[in-house]
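One structure is given below, encoded as structure tokens.
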Amino acid sequence: MKKEVIDSVTGVLTDYKGLQHHITVVAVSAPLTRVVCEEELQYEIHMWGENCGGEYTDDVAKVLCLGISVCNPEDNYNEKVGYNTALARARASYPVMYVTKSGIINTTMVRALLNQELQFAIDNPDTIIPGYNETKETYLRNKENEEALKSLNDEEKTVLAYLTGASKESISKLEGLAKYIKNKQ
């Protein structure tokens, strides 16, 4: 029986800070069988199709599993570590594809799927880096605030310095007076 076939691609995601994250995607294709009490069991897939005369079953001949690894830009990238991490995740994952004919999962199809998944990860980093969107939003908001601070004139800087040291009661009092003055005009 043919053993598993492994293929991989690597790429780089440049995040919102301009830092590079190396990504490795690994595909493992293998026959879908298991041995129980020295008897080989073949998995079946149950399908329904109007054009196929209703329900039918077929043996699953092969499956394809994917795994992905992302290197933190603060770590030294090691291609072998990335590959082994993605490979372990692929072997531990549920199949993304089941086929009834082995030839459908071939090198051309696997390469296309790997490249598609790599590009998807690069375009949607939140799918592979937990908290990415929230961190990005906080970073961009902080950057915007830093720019706003740089653009303050001397009078605004003086007011801001006072407000940052003022008590909540003082701020509330000043806010109330500012509303009163605006409404009075």
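Residue numbers start at 1 in each chain; chains themselves are named A, B, ... in the order of the structure tokens; ligands are numbered from 1 in the order shown.
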Give one line per residue of region 100-163 of chain A that approaches region 61-85 of chain A to at most 6 Å, naming the two atoms of the closest pair and their distance in Å to one decimal, counting only C-alpha atoms; sort by chain then ascending residue number and deliver it as a Markdown table.
```
| residue | atom | partner | partner_atom | distance |
| --- | --- | --- | --- | --- |
| A:Thr100 | CA | A:Ala61 | CA | 4.8 |
| A:Lys101 | CA | A:Ala61 | CA | 5.8 |
| A:Ser102 | CA | A:Lys62 | CA | 5.6 |
```
Would you save the residues of that selection, restricted to C-alpha atoms, as a short mmCIF file (atom, residue, chain, number, x, y, z; two decimals), in the first residue's frame?
```
data_model
loop_
_atom_site.label_atom_id
_atom_site.label_comp_id
_atom_site.auth_asym_id
_atom_site.auth_seq_id
_atom_site.Cartn_x
_atom_site.Cartn_y
_atom_site.Cartn_z
CA THR A 100 -13.00 8.08 -3.77
CA LYS A 101 -10.39 7.91 -6.54
CA SER A 102 -6.73 8.21 -5.57
#
```
Near region 13-35 of chain A, 10 Å: region 98-182 of chain A residue rows, closest pairs, only C-alpha atoms, as JSON lines:
```
{"residue": "A:Tyr98", "atom": "CA", "partner": "A:Leu32", "partner_atom": "CA", "distance": 8.6}
{"residue": "A:Val99", "atom": "CA", "partner": "A:Leu32", "partner_atom": "CA", "distance": 9.5}
{"residue": "A:Thr100", "atom": "CA", "partner": "A:Leu32", "partner_atom": "CA", "distance": 9.9}
{"residue": "A:Ser102", "atom": "CA", "partner": "A:Pro31", "partner_atom": "CA", "distance": 7.9}
{"residue": "A:Ile105", "atom": "CA", "partner": "A:Ser29", "partner_atom": "CA", "distance": 7.4}
{"residue": "A:Asn106", "atom": "CA", "partner": "A:Ser29", "partner_atom": "CA", "distance": 8.8}
{"residue": "A:Thr107", "atom": "CA", "partner": "A:Ser29", "partner_atom": "CA", "distance": 9.9}
{"residue": "A:Val110", "atom": "CA", "partner": "A:Ala27", "partner_atom": "CA", "distance": 7.2}
{"residue": "A:Arg111", "atom": "CA", "partner": "A:Ala27", "partner_atom": "CA", "distance": 8.7}
{"residue": "A:Leu113", "atom": "CA", "partner": "A:Ala27", "partner_atom": "CA", "distance": 8.7}
{"residue": "A:Leu114", "atom": "CA", "partner": "A:Val25", "partner_atom": "CA", "distance": 6.5}
{"residue": "A:Asn115", "atom": "CA", "partner": "A:Val25", "partner_atom": "CA", "distance": 8.5}
{"residue": "A:Glu117", "atom": "CA", "partner": "A:Val25", "partner_atom": "CA", "distance": 7.5}
{"residue": "A:Leu118", "atom": "CA", "partner": "A:Val25", "partner_atom": "CA", "distance": 6.5}
{"residue": "A:Gln119", "atom": "CA", "partner": "A:Leu13", "partner_atom": "CA", "distance": 9.2}
{"residue": "A:Ala121", "atom": "CA", "partner": "A:Leu13", "partner_atom": "CA", "distance": 8.1}
{"residue": "A:Ile122", "atom": "CA", "partner": "A:Leu13", "partner_atom": "CA", "distance": 5.2}
{"residue": "A:Asp123", "atom": "CA", "partner": "A:Leu13", "partner_atom": "CA", "distance": 8.2}
{"residue": "A:Asn124", "atom": "CA", "partner": "A:Leu13", "partner_atom": "CA", "distance": 9.7}
{"residue": "A:Pro125", "atom": "CA", "partner": "A:Leu13", "partner_atom": "CA", "distance": 7.9}
{"residue": "A:Ile128", "atom": "CA", "partner": "A:Ile23", "partner_atom": "CA", "distance": 9.6}
{"residue": "A:Tyr132", "atom": "CA", "partner": "A:Asp15", "partner_atom": "CA", "distance": 9.2}
{"residue": "A:Asn133", "atom": "CA", "partner": "A:Tyr16", "partner_atom": "CA", "distance": 9.9}
{"residue": "A:Thr135", "atom": "CA", "partner": "A:Tyr16", "partner_atom": "CA", "distance": 9.6}
{"residue": "A:Lys136", "atom": "CA", "partner": "A:Tyr16", "partner_atom": "CA", "distance": 6.6}
{"residue": "A:Glu137", "atom": "CA", "partner": "A:Tyr16", "partner_atom": "CA", "distance": 9.6}
{"residue": "A:Tyr139", "atom": "CA", "partner": "A:Lys17", "partner_atom": "CA", "distance": 8.3}
{"residue": "A:Leu140", "atom": "CA", "partner": "A:Tyr16", "partner_atom": "CA", "distance": 8.4}
```
Let me see the file: selected residues, N, CA and C atoms, as an mmCIF file, in the first residue's frame.
```cif
data_model
loop_
_atom_site.group_PDB
_atom_site.id
_atom_site.type_symbol
_atom_site.label_atom_id
_atom_site.label_comp_id
_atom_site.auth_asym_id
_atom_site.auth_seq_id
_atom_site.Cartn_x
_atom_site.Cartn_y
_atom_site.Cartn_z
ATOM 1 N N TYR A 98 -11.681 14.492 1.102
ATOM 2 C CA TYR A 98 -11.817 13.048 0.982
ATOM 3 C C TYR A 98 -12.093 12.758 -0.490
ATOM 4 N N VAL A 99 -11.460 11.743 -1.052
ATOM 5 C CA VAL A 99 -11.750 11.380 -2.441
ATOM 6 C C VAL A 99 -11.951 9.878 -2.557
ATOM 7 N N THR A 100 -12.738 9.492 -3.541
ATOM 8 C CA THR A 100 -12.999 8.077 -3.775
ATOM 9 C C THR A 100 -12.072 7.493 -4.828
ATOM 10 N N SER A 102 -8.042 7.734 -6.024
ATOM 11 C CA SER A 102 -6.730 8.212 -5.573
ATOM 12 C C SER A 102 -6.106 9.263 -6.482
ATOM 13 N N ILE A 105 -6.264 13.427 -5.899
ATOM 14 C CA ILE A 105 -5.291 14.136 -5.071
ATOM 15 C C ILE A 105 -3.925 13.848 -5.677
ATOM 16 N N ASN A 106 -3.469 14.790 -6.509
ATOM 17 C CA ASN A 106 -2.183 14.619 -7.185
ATOM 18 C C ASN A 106 -1.311 15.843 -6.919
ATOM 19 N N THR A 107 -0.100 15.813 -7.408
ATOM 20 C CA THR A 107 0.863 16.880 -7.140
ATOM 21 C C THR A 107 0.350 18.246 -7.580
ATOM 22 N N VAL A 110 -2.491 19.380 -5.201
ATOM 23 C CA VAL A 110 -1.976 19.678 -3.868
ATOM 24 C C VAL A 110 -1.193 20.989 -3.879
ATOM 25 N N ARG A 111 -0.368 21.197 -4.892
ATOM 26 C CA ARG A 111 0.405 22.447 -4.995
ATOM 27 C C ARG A 111 -0.531 23.649 -5.104
ATOM 28 N N LEU A 113 -3.604 23.880 -4.012
ATOM 29 C CA LEU A 113 -4.256 24.070 -2.713
ATOM 30 C C LEU A 113 -3.287 24.683 -1.697
ATOM 31 N N LEU A 114 -2.050 24.216 -1.679
ATOM 32 C CA LEU A 114 -1.053 24.789 -0.766
ATOM 33 C C LEU A 114 -0.840 26.271 -1.048
ATOM 34 N N ASN A 115 -0.688 26.634 -2.309
ATOM 35 C CA ASN A 115 -0.490 28.042 -2.666
ATOM 36 C C ASN A 115 -1.710 28.880 -2.316
ATOM 37 N N GLU A 117 -3.889 28.232 0.133
ATOM 38 C CA GLU A 117 -3.946 28.360 1.587
ATOM 39 C C GLU A 117 -2.889 29.327 2.110
ATOM 40 N N LEU A 118 -1.704 29.305 1.517
ATOM 41 C CA LEU A 118 -0.650 30.251 1.904
ATOM 42 C C LEU A 118 -1.103 31.677 1.627
ATOM 43 N N GLN A 119 -1.648 31.921 0.438
ATOM 44 C CA GLN A 119 -2.104 33.275 0.098
ATOM 45 C C GLN A 119 -3.252 33.707 0.995
ATOM 46 N N ALA A 121 -3.724 32.777 4.092
ATOM 47 C CA ALA A 121 -3.127 33.105 5.391
ATOM 48 C C ALA A 121 -2.460 34.477 5.357
ATOM 49 N N ILE A 122 -1.782 34.789 4.262
ATOM 50 C CA ILE A 122 -1.132 36.095 4.122
ATOM 51 C C ILE A 122 -2.171 37.209 4.053
ATOM 52 N N ASP A 123 -3.257 36.973 3.332
ATOM 53 C CA ASP A 123 -4.310 37.978 3.180
ATOM 54 C C ASP A 123 -5.203 38.099 4.418
ATOM 55 N N ASN A 124 -5.266 37.052 5.232
ATOM 56 C CA ASN A 124 -6.151 37.017 6.399
ATOM 57 C C ASN A 124 -5.377 36.526 7.625
ATOM 58 N N PRO A 125 -4.421 37.305 8.097
ATOM 59 C CA PRO A 125 -3.578 36.833 9.197
ATOM 60 C C PRO A 125 -4.341 36.513 10.474
ATOM 61 N N ILE A 128 -4.800 32.834 11.373
ATOM 62 C CA ILE A 128 -3.697 32.006 11.855
ATOM 63 C C ILE A 128 -2.980 32.596 13.060
ATOM 64 N N TYR A 132 -4.961 38.878 16.211
ATOM 65 C CA TYR A 132 -4.278 39.760 15.263
ATOM 66 C C TYR A 132 -5.067 41.044 15.010
ATOM 67 N N ASN A 133 -6.347 40.932 14.706
ATOM 68 C CA ASN A 133 -7.136 42.121 14.362
ATOM 69 C C ASN A 133 -7.238 43.095 15.535
ATOM 70 N N THR A 135 -5.091 43.420 18.044
ATOM 71 C CA THR A 135 -3.772 44.015 18.241
ATOM 72 C C THR A 135 -3.490 45.074 17.181
ATOM 73 N N LYS A 136 -3.883 44.778 15.953
ATOM 74 C CA LYS A 136 -3.688 45.735 14.858
ATOM 75 C C LYS A 136 -4.481 47.015 15.130
ATOM 76 N N GLU A 137 -5.728 46.849 15.547
ATOM 77 C CA GLU A 137 -6.590 48.006 15.829
ATOM 78 C C GLU A 137 -5.993 48.867 16.946
ATOM 79 N N TYR A 139 -2.811 49.019 17.894
ATOM 80 C CA TYR A 139 -1.569 49.611 17.385
ATOM 81 C C TYR A 139 -1.868 50.841 16.531
ATOM 82 N N LEU A 140 -2.822 50.709 15.604
ATOM 83 C CA LEU A 140 -3.156 51.824 14.714
ATOM 84 C C LEU A 140 -3.779 52.988 15.474
#
```
Check the DSSP output for the backbone and give back, as an MDAnalysis selection string, the residues of region 14-177 of chain A in strand (DSSP E or B). chainID A and resid 14 20:31 33:36 39:42 44:49 54:59 62:70 97:99
Selection file, N, CA and C atoms, as a tab-separated table (two decimals), in the first residue's frame:
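Below is the file that was written, selection-v4.tsv:
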```tsv
chain	number	residue	atom	x	y	z
A	14	THR	N	3.92	40.13	5.89
A	14	THR	CA	4.40	41.37	6.49
A	14	THR	C	3.21	41.99	7.20
A	20	GLN	N	8.08	40.76	9.63
A	20	GLN	CA	7.86	39.59	8.78
A	20	GLN	C	7.64	38.33	9.62
A	21	HIS	N	6.57	37.61	9.26
A	21	HIS	CA	6.22	36.32	9.86
A	21	HIS	C	6.41	35.27	8.77
A	22	HIS	N	7.30	34.32	8.97
A	22	HIS	CA	7.47	33.23	8.01
A	22	HIS	C	6.36	32.20	8.24
A	23	ILE	N	5.75	31.77	7.15
A	23	ILE	CA	4.63	30.83	7.20
A	23	ILE	C	5.02	29.58	6.43
A	24	THR	N	4.69	28.42	6.98
A	24	THR	CA	4.88	27.15	6.30
A	24	THR	C	3.54	26.42	6.29
A	25	VAL	N	3.14	25.95	5.12
A	25	VAL	CA	1.92	25.16	4.99
A	25	VAL	C	2.34	23.79	4.46
A	26	VAL	N	1.89	22.73	5.13
A	26	VAL	CA	2.22	21.36	4.75
A	26	VAL	C	0.95	20.60	4.44
A	27	ALA	N	1.00	19.82	3.37
A	27	ALA	CA	-0.11	18.93	3.00
A	27	ALA	C	0.37	17.49	3.11
A	28	VAL	N	-0.46	16.67	3.71
A	28	VAL	CA	-0.18	15.24	3.82
A	28	VAL	C	-1.34	14.51	3.16
A	29	SER	N	-1.04	13.77	2.09
A	29	SER	CA	-2.08	12.95	1.47
A	29	SER	C	-1.74	11.50	1.74
A	30	ALA	N	-2.77	10.73	2.05
A	30	ALA	CA	-2.54	9.33	2.42
A	30	ALA	C	-3.80	8.52	2.15
A	31	PRO	N	-3.61	7.22	1.93
A	31	PRO	CA	-4.78	6.34	1.82
A	31	PRO	C	-5.51	6.35	3.16
A	33	THR	N	-7.14	4.25	5.48
A	33	THR	CA	-7.43	2.90	5.99
A	33	THR	C	-6.90	2.82	7.41
A	34	ARG	N	-7.40	1.87	8.14
A	34	ARG	CA	-6.85	1.60	9.46
A	34	ARG	C	-6.94	0.09	9.71
A	35	VAL	N	-6.12	-0.38	10.60
A	35	VAL	CA	-6.09	-1.80	10.89
A	35	VAL	C	-6.66	-2.03	12.29
A	36	VAL	N	-7.65	-2.92	12.38
A	36	VAL	CA	-8.25	-3.29	13.65
A	36	VAL	C	-8.25	-4.81	13.70
A	39	GLU	N	-7.38	-6.79	10.67
A	39	GLU	CA	-8.26	-6.65	9.50
A	39	GLU	C	-8.23	-5.20	9.07
A	40	GLU	N	-8.06	-4.97	7.80
A	40	GLU	CA	-8.03	-3.60	7.30
A	40	GLU	C	-9.46	-3.13	7.06
A	41	LEU	N	-9.80	-2.01	7.66
A	41	LEU	CA	-11.13	-1.44	7.47
A	41	LEU	C	-11.04	-0.26	6.53
A	42	GLN	N	-11.90	-0.21	5.57
A	42	GLN	CA	-11.95	0.90	4.63
A	42	GLN	C	-13.10	1.81	5.04
A	44	GLU	N	-16.07	4.52	4.48
A	44	GLU	CA	-17.03	4.77	3.41
A	44	GLU	C	-17.57	6.18	3.56
A	45	ILE	N	-18.00	6.70	2.44
A	45	ILE	CA	-18.65	8.00	2.45
A	45	ILE	C	-20.06	7.79	1.91
A	46	HIS	N	-21.03	8.35	2.58
A	46	HIS	CA	-22.42	8.25	2.15
A	46	HIS	C	-22.80	9.55	1.46
A	47	MET	N	-23.31	9.43	0.25
A	47	MET	CA	-23.64	10.62	-0.54
A	47	MET	C	-25.07	10.54	-1.04
A	48	TRP	N	-25.59	11.68	-1.37
A	48	TRP	CA	-26.92	11.77	-1.95
A	48	TRP	C	-26.81	12.64	-3.19
A	49	GLY	N	-27.38	12.17	-4.25
A	49	GLY	CA	-27.37	12.96	-5.48
A	49	GLY	C	-28.58	12.65	-6.32
A	54	GLY	N	-30.21	8.83	-6.19
A	54	GLY	CA	-30.45	8.85	-4.75
A	54	GLY	C	-29.20	8.61	-3.94
A	55	GLU	N	-29.37	7.90	-2.81
A	55	GLU	CA	-28.26	7.69	-1.89
A	55	GLU	C	-27.37	6.55	-2.38
A	56	TYR	N	-26.07	6.73	-2.20
A	56	TYR	CA	-25.12	5.66	-2.50
A	56	TYR	C	-23.90	5.82	-1.61
A	57	THR	N	-23.15	4.77	-1.50
A	57	THR	CA	-21.93	4.81	-0.70
A	57	THR	C	-20.75	4.48	-1.60
A	58	ASP	N	-19.61	4.94	-1.16
A	58	ASP	CA	-18.38	4.66	-1.90
A	58	ASP	C	-17.24	4.63	-0.89
A	59	ASP	N	-16.22	3.87	-1.18
A	59	ASP	CA	-15.06	3.82	-0.30
A	59	ASP	C	-14.23	5.08	-0.48
A	62	LYS	N	-8.59	8.11	-0.43
A	62	LYS	CA	-7.46	8.95	-0.03
A	62	LYS	C	-7.98	10.21	0.65
A	63	VAL	N	-7.19	10.75	1.57
A	63	VAL	CA	-7.53	12.01	2.23
A	63	VAL	C	-6.35	12.97	2.14
A	64	LEU	N	-6.67	14.23	2.34
A	64	LEU	CA	-5.64	15.27	2.36
A	64	LEU	C	-5.83	16.09	3.63
A	65	CYS	N	-4.74	16.24	4.38
A	65	CYS	CA	-4.74	17.03	5.61
A	65	CYS	C	-3.75	18.17	5.48
A	66	LEU	N	-4.08	19.31	6.09
A	66	LEU	CA	-3.21	20.47	6.03
A	66	LEU	C	-2.78	20.89	7.43
A	67	GLY	N	-1.57	21.44	7.51
A	67	GLY	CA	-1.06	22.00	8.75
A	67	GLY	C	-0.33	23.29	8.42
A	68	ILE	N	-0.34	24.23	9.36
A	68	ILE	CA	0.30	25.52	9.11
A	68	ILE	C	1.10	25.94	10.35
A	69	SER	N	2.23	26.57	10.11
A	69	SER	CA	3.01	27.13	11.21
A	69	SER	C	3.38	28.56	10.86
A	70	VAL	N	3.47	29.38	11.89
A	70	VAL	CA	3.82	30.79	11.72
A	70	VAL	C	4.93	31.11	12.70
A	97	MET	N	-10.04	17.14	2.69
A	97	MET	CA	-10.55	16.59	1.45
A	97	MET	C	-10.56	15.06	1.54
A	98	TYR	N	-11.68	14.49	1.10
A	98	TYR	CA	-11.82	13.05	0.98
A	98	TYR	C	-12.09	12.76	-0.49
A	99	VAL	N	-11.46	11.74	-1.05
A	99	VAL	CA	-11.75	11.38	-2.44
A	99	VAL	C	-11.95	9.88	-2.56
```
